[in-house]
Structure formats: C-alpha cells, structure tokens
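This report refers to the structure that appears directly beneath it.
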Amino acid sequence: MNPLATIGHIVLEFFAMSGRIAIFTGHGLRHCVARPVYFGLIGRQMLTIGYFSLPVVGLTALFTGMVLALQIYIGSARFNAESTVATIVVIGITRELGPVIAGLMVAGRVASAMAAEIGTMRVTEQIDALVTLSTNPFKYLVAPRLIAATVTLPLLVLVADIIGVFGGYLIGTAKLGFNQGTYLKNTFDFLEALDVISGLVKAGVFGFIIALMGCYHGFNSKGGAQGVGRATTDAVVSASILILVSDYIVTELFFAK
C-alpha cells in the first residue's frame, strides 16, 4: 500500500529487466559473429521474415502513400502550396513512414511468431534437449533470427518505399489532377540519398529489435501455454515501443543540427 515502495519496485524491476536484455543481447551478438554460421537457418528465416511479410507490408505502404498524398493536398491547399505534395510524400515515406509502418507490421507478425515458437520450445523442454545434444541455443535459435531480420528488413522497407511513393503518385495523378511528368520530376528532384539511407538504417535497427524481443521473451517464457501467450504479447508490445524510441534516436543522429 506504500506508493513509494510501489514506485521503487517498478524502478528496480525496470533496471533488472534492462540488465537481462543487455546480457541477452551481448550473447546474441557474440554468436552472430562466431563460427559456425548456420546459413540454411538464416535463409529460412529471411524467407519467413521478408517474403511472407511482403503482402501485408506492401498493402499497408500503398494505402499509407495514398492517404498521405490526400491529406497533404488538403492541408497545403489552405496555403496555395499544392505543388509540394510530391516532395512531402516521397520524403515522408522514405524517411519516416516506410520504415516505421513496415517495422510495426513486421513486429506484429514476426516478433509474435518468434516468441511463440521459442516459447513453446522452452516450456516443452526442447531448448534443454538442444543443450543436452551439445547445441548452443543462442547459436541455433537466436543468432539466425537476429541476422536474418537485420538484413531482410531494409530490403522490405525499400520495397515499401517504392510502393508507398507509387500510392501517392496514383492519388496525385488520378484524383488530384497533377501532371504525371511534373509529379515524377518533383519526386526525383527533391529526393536525396540521405533520405533513403536514413530510412534503411532505421529498418536495420528495427529488424534487430524485432528479432531480439521475439527471441528474448520466447527464451524466457515459463508457465506453460499461458506463459507462451504472455511472452507473445510482451514481444509485440516491447518491440513496438522500442521501434518508436529508436526511430527518434536514429532521426536525431541523422538530422539533428
């Protein structure tokens, strides 16, 4: 009933969890660079994370670009600045919305799947069986997922950027009356390499976070089926929050003056 004791308990638990995540991250990174490397497992995870996430990410990026173009046109019309639609759409998609929307979609799909799979292996003692067979669980379960997510998500975001800009182009030319050539010219004239690079760096960071949270919560799940469900929920929530936090940090590193 003591509010100070409650606050202290929350703070101590936060630091304890931060330490556990830091140790888990260190072990995962060490096994990412140590031999042997399971290329088959990495390829399978890249297929699961990238190829099978394309439909949901592509559809989300398409409608995000369309809505963005429409909203920017409505807002800029108040200041007679409709010509900025193409520029703001391409910058907004490549810098911010493409990586963040793709990261959140993949977090909901992939982090939950990783946590459920590894969590099930934990509660059914399959991870203990790997140790018994002299197979390091970090090398076999965690490292391939970290590598695959970090490499695959930038490629997925690159596709999402193209589809999102195309969605803005469709609305701009078909509904808002922009000339096709002029819209494309404004898109490419004001797009800089740093805009795309910053988005791809964000995507790599987001991919690492998604895999890390999925593996961490699955690896530390306990309590049977209920524990696996709780680990799945925690993986998605923590990955989504860390994506938004790291989004600000990376943006600050790239564009702060």
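Residue names in the structure tokens use chain letters A, B, ... in the order shown, residue numbers from 1 in each chain, and ligand numbers from 1 in the order shown.
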Could you pull the residues within 9 Å of A:Ala211, counting only C-alpha atoms, minus those fewer than 3 positions along the same chain, as a PyMOL selection string? chain A and resi 107+110-111+114+142+145-150+206-208+214-216+239
Output N, CA and C atoms for every residue in the selection just made, as a PDB file, in the first residue's frame.
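Result written to out_28.pdb:
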```
ATOM      1  N   ALA A 107       6.705  -6.386 -36.761  1.00  0.00           N
ATOM      2  CA  ALA A 107       6.728  -6.694 -35.329  1.00  0.00           C
ATOM      3  C   ALA A 107       5.491  -7.489 -34.937  1.00  0.00           C
ATOM      4  N   VAL A 110       6.045 -11.027 -37.001  1.00  0.00           N
ATOM      5  CA  VAL A 110       7.242 -11.845 -36.823  1.00  0.00           C
ATOM      6  C   VAL A 110       7.630 -11.993 -35.356  1.00  0.00           C
ATOM      7  N   ALA A 111       7.619 -10.887 -34.591  1.00  0.00           N
ATOM      8  CA  ALA A 111       8.017 -10.984 -33.189  1.00  0.00           C
ATOM      9  C   ALA A 111       7.106 -11.942 -32.433  1.00  0.00           C
ATOM     10  N   MET A 114       8.059 -15.543 -33.467  1.00  0.00           N
ATOM     11  CA  MET A 114       9.311 -15.979 -32.838  1.00  0.00           C
ATOM     12  C   MET A 114       9.103 -16.293 -31.366  1.00  0.00           C
ATOM     13  N   VAL A 142      18.785 -18.103 -31.782  1.00  0.00           N
ATOM     14  CA  VAL A 142      18.761 -16.640 -31.684  1.00  0.00           C
ATOM     15  C   VAL A 142      19.550 -15.982 -32.808  1.00  0.00           C
ATOM     16  N   ARG A 145      18.038 -15.701 -36.391  1.00  0.00           N
ATOM     17  CA  ARG A 145      16.911 -14.757 -36.448  1.00  0.00           C
ATOM     18  C   ARG A 145      17.390 -13.311 -36.390  1.00  0.00           C
ATOM     19  N   LEU A 146      18.392 -13.031 -35.553  1.00  0.00           N
ATOM     20  CA  LEU A 146      18.930 -11.672 -35.484  1.00  0.00           C
ATOM     21  C   LEU A 146      19.549 -11.257 -36.818  1.00  0.00           C
ATOM     22  N   ILE A 147      20.346 -12.139 -37.403  1.00  0.00           N
ATOM     23  CA  ILE A 147      20.994 -11.819 -38.679  1.00  0.00           C
ATOM     24  C   ILE A 147      19.958 -11.652 -39.781  1.00  0.00           C
ATOM     25  N   ALA A 148      19.020 -12.577 -39.854  1.00  0.00           N
ATOM     26  CA  ALA A 148      18.031 -12.539 -40.923  1.00  0.00           C
ATOM     27  C   ALA A 148      17.157 -11.291 -40.849  1.00  0.00           C
ATOM     28  N   ALA A 149      16.705 -10.933 -39.654  1.00  0.00           N
ATOM     29  CA  ALA A 149      15.842  -9.760 -39.514  1.00  0.00           C
ATOM     30  C   ALA A 149      16.596  -8.473 -39.820  1.00  0.00           C
ATOM     31  N   THR A 150      17.847  -8.378 -39.364  1.00  0.00           N
ATOM     32  CA  THR A 150      18.632  -7.167 -39.600  1.00  0.00           C
ATOM     33  C   THR A 150      18.932  -6.969 -41.081  1.00  0.00           C
ATOM     34  N   PHE A 206      15.385  -1.560 -36.631  1.00  0.00           N
ATOM     35  CA  PHE A 206      14.074  -2.124 -36.283  1.00  0.00           C
ATOM     36  C   PHE A 206      14.074  -3.648 -36.417  1.00  0.00           C
ATOM     37  N   GLY A 207      14.710  -4.150 -37.467  1.00  0.00           N
ATOM     38  CA  GLY A 207      14.758  -5.591 -37.655  1.00  0.00           C
ATOM     39  C   GLY A 207      15.476  -6.280 -36.508  1.00  0.00           C
ATOM     40  N   PHE A 208      16.580  -5.697 -36.073  1.00  0.00           N
ATOM     41  CA  PHE A 208      17.314  -6.268 -34.936  1.00  0.00           C
ATOM     42  C   PHE A 208      16.450  -6.252 -33.679  1.00  0.00           C
ATOM     43  N   GLY A 214      11.464 -10.792 -29.860  1.00  0.00           N
ATOM     44  CA  GLY A 214      10.810 -12.074 -30.054  1.00  0.00           C
ATOM     45  C   GLY A 214      11.586 -13.211 -29.424  1.00  0.00           C
ATOM     46  N   CYS A 215      12.896 -13.221 -29.631  1.00  0.00           N
ATOM     47  CA  CYS A 215      13.734 -14.280 -29.060  1.00  0.00           C
ATOM     48  C   CYS A 215      13.830 -14.160 -27.542  1.00  0.00           C
ATOM     49  N   TYR A 216      13.989 -12.946 -27.034  1.00  0.00           N
ATOM     50  CA  TYR A 216      14.164 -12.762 -25.583  1.00  0.00           C
ATOM     51  C   TYR A 216      12.932 -13.231 -24.817  1.00  0.00           C
ATOM     52  N   ALA A 239       8.589  -4.667 -28.677  1.00  0.00           N
ATOM     53  CA  ALA A 239       9.198  -4.361 -29.969  1.00  0.00           C
ATOM     54  C   ALA A 239       8.610  -3.082 -30.556  1.00  0.00           C
TER      55      ALA A 239
END
```
With stretch 60-79 of chain A as the partner and 10 Å as the cut-off, tabulate the residues of stretch 163-212 of chain A that qualify, each row holding the nearest pair of atoms and their distance in Å to one decimal, using only C-alpha atoms, sorted by chain and rising number, as a tab-separated table.
```
residue	atom	partner	partner_atom	distance
A:Ile163	CA	A:Leu62	CA	5.4
A:Gly164	CA	A:Gly65	CA	4.4
A:Val165	CA	A:Gly65	CA	5.8
A:Phe166	CA	A:Leu62	CA	7.2
A:Gly167	CA	A:Met66	CA	4.8
A:Gly168	CA	A:Met66	CA	4.6
A:Tyr169	CA	A:Met66	CA	7.8
A:Leu170	CA	A:Met66	CA	7.3
A:Ile171	CA	A:Met66	CA	5.8
A:Gly172	CA	A:Ala69	CA	6.7
A:Lys175	CA	A:Leu70	CA	8.9
A:Leu176	CA	A:Leu70	CA	8.0
```
Deliver the residues from the most recent selection as a file, using N, CA and C atoms, as a PDB file, in the first residue's frame.
```pdb
ATOM      1  N   ILE A 163       6.490   1.236 -53.146  1.00  0.00           N
ATOM      2  CA  ILE A 163       5.039   1.067 -53.227  1.00  0.00           C
ATOM      3  C   ILE A 163       4.320   2.268 -52.618  1.00  0.00           C
ATOM      4  N   GLY A 164       4.833   2.802 -51.500  1.00  0.00           N
ATOM      5  CA  GLY A 164       4.209   3.951 -50.872  1.00  0.00           C
ATOM      6  C   GLY A 164       4.262   5.199 -51.758  1.00  0.00           C
ATOM      7  N   VAL A 165       5.414   5.442 -52.381  1.00  0.00           N
ATOM      8  CA  VAL A 165       5.525   6.589 -53.301  1.00  0.00           C
ATOM      9  C   VAL A 165       4.618   6.388 -54.505  1.00  0.00           C
ATOM     10  N   PHE A 166       4.519   5.153 -54.969  1.00  0.00           N
ATOM     11  CA  PHE A 166       3.613   4.858 -56.084  1.00  0.00           C
ATOM     12  C   PHE A 166       2.158   5.114 -55.694  1.00  0.00           C
ATOM     13  N   GLY A 167       1.791   4.793 -54.439  1.00  0.00           N
ATOM     14  CA  GLY A 167       0.436   5.086 -53.985  1.00  0.00           C
ATOM     15  C   GLY A 167       0.149   6.574 -54.002  1.00  0.00           C
ATOM     16  N   GLY A 168       1.129   7.383 -53.552  1.00  0.00           N
ATOM     17  CA  GLY A 168       0.959   8.825 -53.633  1.00  0.00           C
ATOM     18  C   GLY A 168       0.853   9.313 -55.070  1.00  0.00           C
ATOM     19  N   TYR A 169       1.636   8.699 -55.956  1.00  0.00           N
ATOM     20  CA  TYR A 169       1.586   9.054 -57.377  1.00  0.00           C
ATOM     21  C   TYR A 169       0.211   8.755 -57.968  1.00  0.00           C
ATOM     22  N   LEU A 170      -0.368   7.614 -57.614  1.00  0.00           N
ATOM     23  CA  LEU A 170      -1.687   7.254 -58.136  1.00  0.00           C
ATOM     24  C   LEU A 170      -2.743   8.277 -57.726  1.00  0.00           C
ATOM     25  N   ILE A 171      -2.754   8.631 -56.450  1.00  0.00           N
ATOM     26  CA  ILE A 171      -3.746   9.602 -55.989  1.00  0.00           C
ATOM     27  C   ILE A 171      -3.482  10.980 -56.590  1.00  0.00           C
ATOM     28  N   GLY A 172      -2.188  11.360 -56.643  1.00  0.00           N
ATOM     29  CA  GLY A 172      -1.853  12.684 -57.159  1.00  0.00           C
ATOM     30  C   GLY A 172      -2.244  12.874 -58.611  1.00  0.00           C
ATOM     31  N   LYS A 175      -6.556  11.439 -59.049  1.00  0.00           N
ATOM     32  CA  LYS A 175      -7.631  12.095 -58.296  1.00  0.00           C
ATOM     33  C   LYS A 175      -7.410  13.588 -58.115  1.00  0.00           C
ATOM     34  N   LEU A 176      -6.151  13.971 -57.867  1.00  0.00           N
ATOM     35  CA  LEU A 176      -5.890  15.377 -57.545  1.00  0.00           C
ATOM     36  C   LEU A 176      -5.530  16.222 -58.751  1.00  0.00           C
TER      37      LEU A 176
END
```
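Excluding stretch 224-232 of chain A itself and any same-chain residue fewer than 5 positions from it, the protein and nucleic acid residues within 10 Å of it, counting only C-alpha atoms, are Gly108, Ala111, Ser112, Ala113, Met114, Ala115, Ala116, Glu117, Ile118, Gly119, Thr120, Met121, Arg122, Val123, Thr124, Met213, Gly214, Cys215, Tyr216, His217, Gly218, Phe219 and Val237 of chain A.
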Let me make sure I understand: among A:Met17, A:Ala5, A:Ile88, A:Leu29, which one has the smallest atom-to-atom distance to A:Tyr183 if we use only C-alpha atoms?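 Residue with the minimum atom-to-atom distance to A:Tyr183: A:Ile88.
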Mind checking which residues fall within 12 Å of A:Val33, counting only C-alpha atoms, ignoring those fewer than 3 positions away in the same chain, and posting them as a list in words?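 Near neighbours after the sequence-gap exclusion: Gly26, His27, Gly28, Leu29, Arg30, Pro36, Val37, Tyr38, Phe138, Lys139, Ala143, Pro144, Leu146 and Ile147 of chain A.
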Go ahead and save the picked residues with N, CA, C and O atoms, as a PDB file, in the first residue's frame.
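Final output, result.pdb:
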```
ATOM      1  N   GLY A  26      24.095  -9.205 -25.655  1.00  0.00           N
ATOM      2  CA  GLY A  26      25.522  -9.495 -25.790  1.00  0.00           C
ATOM      3  C   GLY A  26      25.778 -10.926 -26.225  1.00  0.00           C
ATOM      4  O   GLY A  26      26.598 -11.179 -27.125  1.00  0.00           O
ATOM      5  N   HIS A  27      25.062 -11.868 -25.620  1.00  0.00           N
ATOM      6  CA  HIS A  27      25.212 -13.269 -26.024  1.00  0.00           C
ATOM      7  C   HIS A  27      24.783 -13.466 -27.483  1.00  0.00           C
ATOM      8  O   HIS A  27      25.448 -14.167 -28.251  1.00  0.00           O
ATOM      9  N   GLY A  28      23.668 -12.829 -27.849  1.00  0.00           N
ATOM     10  CA  GLY A  28      23.193 -12.973 -29.227  1.00  0.00           C
ATOM     11  C   GLY A  28      24.171 -12.408 -30.241  1.00  0.00           C
ATOM     12  O   GLY A  28      24.454 -13.042 -31.269  1.00  0.00           O
ATOM     13  N   LEU A  29      24.716 -11.230 -29.976  1.00  0.00           N
ATOM     14  CA  LEU A  29      25.673 -10.618 -30.899  1.00  0.00           C
ATOM     15  C   LEU A  29      26.954 -11.445 -30.996  1.00  0.00           C
ATOM     16  O   LEU A  29      27.529 -11.592 -32.081  1.00  0.00           O
ATOM     17  N   ARG A  30      27.391 -11.968 -29.874  1.00  0.00           N
ATOM     18  CA  ARG A  30      28.616 -12.782 -29.892  1.00  0.00           C
ATOM     19  C   ARG A  30      28.443 -14.013 -30.771  1.00  0.00           C
ATOM     20  O   ARG A  30      29.343 -14.376 -31.532  1.00  0.00           O
ATOM     21  N   PRO A  36      30.257 -21.880 -35.765  1.00  0.00           N
ATOM     22  CA  PRO A  36      29.811 -21.969 -37.156  1.00  0.00           C
ATOM     23  C   PRO A  36      28.606 -21.070 -37.429  1.00  0.00           C
ATOM     24  O   PRO A  36      27.920 -20.640 -36.500  1.00  0.00           O
ATOM     25  N   VAL A  37      28.360 -20.795 -38.702  1.00  0.00           N
ATOM     26  CA  VAL A  37      27.218 -19.995 -39.136  1.00  0.00           C
ATOM     27  C   VAL A  37      26.244 -20.919 -39.861  1.00  0.00           C
ATOM     28  O   VAL A  37      26.619 -21.595 -40.815  1.00  0.00           O
ATOM     29  N   TYR A  38      25.021 -20.946 -39.397  1.00  0.00           N
ATOM     30  CA  TYR A  38      24.001 -21.809 -39.995  1.00  0.00           C
ATOM     31  C   TYR A  38      23.294 -21.050 -41.124  1.00  0.00           C
ATOM     32  O   TYR A  38      22.253 -20.428 -40.926  1.00  0.00           O
ATOM     33  N   PHE A 138      21.643 -20.293 -28.354  1.00  0.00           N
ATOM     34  CA  PHE A 138      21.838 -18.966 -28.938  1.00  0.00           C
ATOM     35  C   PHE A 138      22.326 -19.084 -30.378  1.00  0.00           C
ATOM     36  O   PHE A 138      21.882 -18.344 -31.257  1.00  0.00           O
ATOM     37  N   LYS A 139      23.242 -20.007 -30.625  1.00  0.00           N
ATOM     38  CA  LYS A 139      23.770 -20.179 -31.971  1.00  0.00           C
ATOM     39  C   LYS A 139      22.703 -20.728 -32.916  1.00  0.00           C
ATOM     40  O   LYS A 139      22.637 -20.350 -34.086  1.00  0.00           O
ATOM     41  N   ALA A 143      20.803 -16.404 -33.013  1.00  0.00           N
ATOM     42  CA  ALA A 143      21.676 -15.747 -33.992  1.00  0.00           C
ATOM     43  C   ALA A 143      21.095 -15.742 -35.407  1.00  0.00           C
ATOM     44  O   ALA A 143      21.113 -14.701 -36.076  1.00  0.00           O
ATOM     45  N   PRO A 144      20.563 -16.860 -35.934  1.00  0.00           N
ATOM     46  CA  PRO A 144      19.989 -16.815 -37.297  1.00  0.00           C
ATOM     47  C   PRO A 144      18.842 -15.823 -37.429  1.00  0.00           C
ATOM     48  O   PRO A 144      18.710 -15.152 -38.459  1.00  0.00           O
ATOM     49  N   LEU A 146      18.392 -13.031 -35.553  1.00  0.00           N
ATOM     50  CA  LEU A 146      18.930 -11.672 -35.484  1.00  0.00           C
ATOM     51  C   LEU A 146      19.549 -11.257 -36.818  1.00  0.00           C
ATOM     52  O   LEU A 146      19.306 -10.149 -37.323  1.00  0.00           O
ATOM     53  N   ILE A 147      20.346 -12.139 -37.403  1.00  0.00           N
ATOM     54  CA  ILE A 147      20.994 -11.819 -38.679  1.00  0.00           C
ATOM     55  C   ILE A 147      19.958 -11.652 -39.781  1.00  0.00           C
ATOM     56  O   ILE A 147      19.996 -10.681 -40.556  1.00  0.00           O
TER      57      ILE A 147
END
```
Have a look at A:Ala86, A:Ile10, A:Leu242, A:Ala16 and name the one nearest to A:Thr173; count only C-alpha atoms. A:Ala86
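Proximity ranking of A:Leu212, A:Ser221, A:Gly103, A:Ile243 relative to A:Ile127 places A:Ser221 first, based on only C-alpha atoms.
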Contacts of A:Thr87 at 7 Å or less, counting only C-alpha atoms, minus same-chain residues fewer than 4 places along, as JSON, numbers by chain? {"A": [91, 186, 187, 190]}
Same residues, N, CA and C atoms, output as a PDB file, in the first residue's frame:
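Writing the result to selection.pdb gives the following:
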```pdb
ATOM      1  N   ILE A  91       9.534  12.318 -49.251  1.00  0.00           N
ATOM      2  CA  ILE A  91      10.383  12.476 -48.063  1.00  0.00           C
ATOM      3  C   ILE A  91       9.754  11.797 -46.850  1.00  0.00           C
ATOM      4  N   ASN A 186       9.111  16.369 -59.632  1.00  0.00           N
ATOM      5  CA  ASN A 186       9.207  16.893 -58.272  1.00  0.00           C
ATOM      6  C   ASN A 186       9.640  15.805 -57.285  1.00  0.00           C
ATOM      7  N   THR A 187       9.208  14.580 -57.542  1.00  0.00           N
ATOM      8  CA  THR A 187       9.587  13.477 -56.663  1.00  0.00           C
ATOM      9  C   THR A 187      11.085  13.237 -56.689  1.00  0.00           C
ATOM     10  N   PHE A 190      13.711  16.438 -55.537  1.00  0.00           N
ATOM     11  CA  PHE A 190      13.879  16.800 -54.132  1.00  0.00           C
ATOM     12  C   PHE A 190      14.252  15.610 -53.250  1.00  0.00           C
TER      13      PHE A 190
END
```
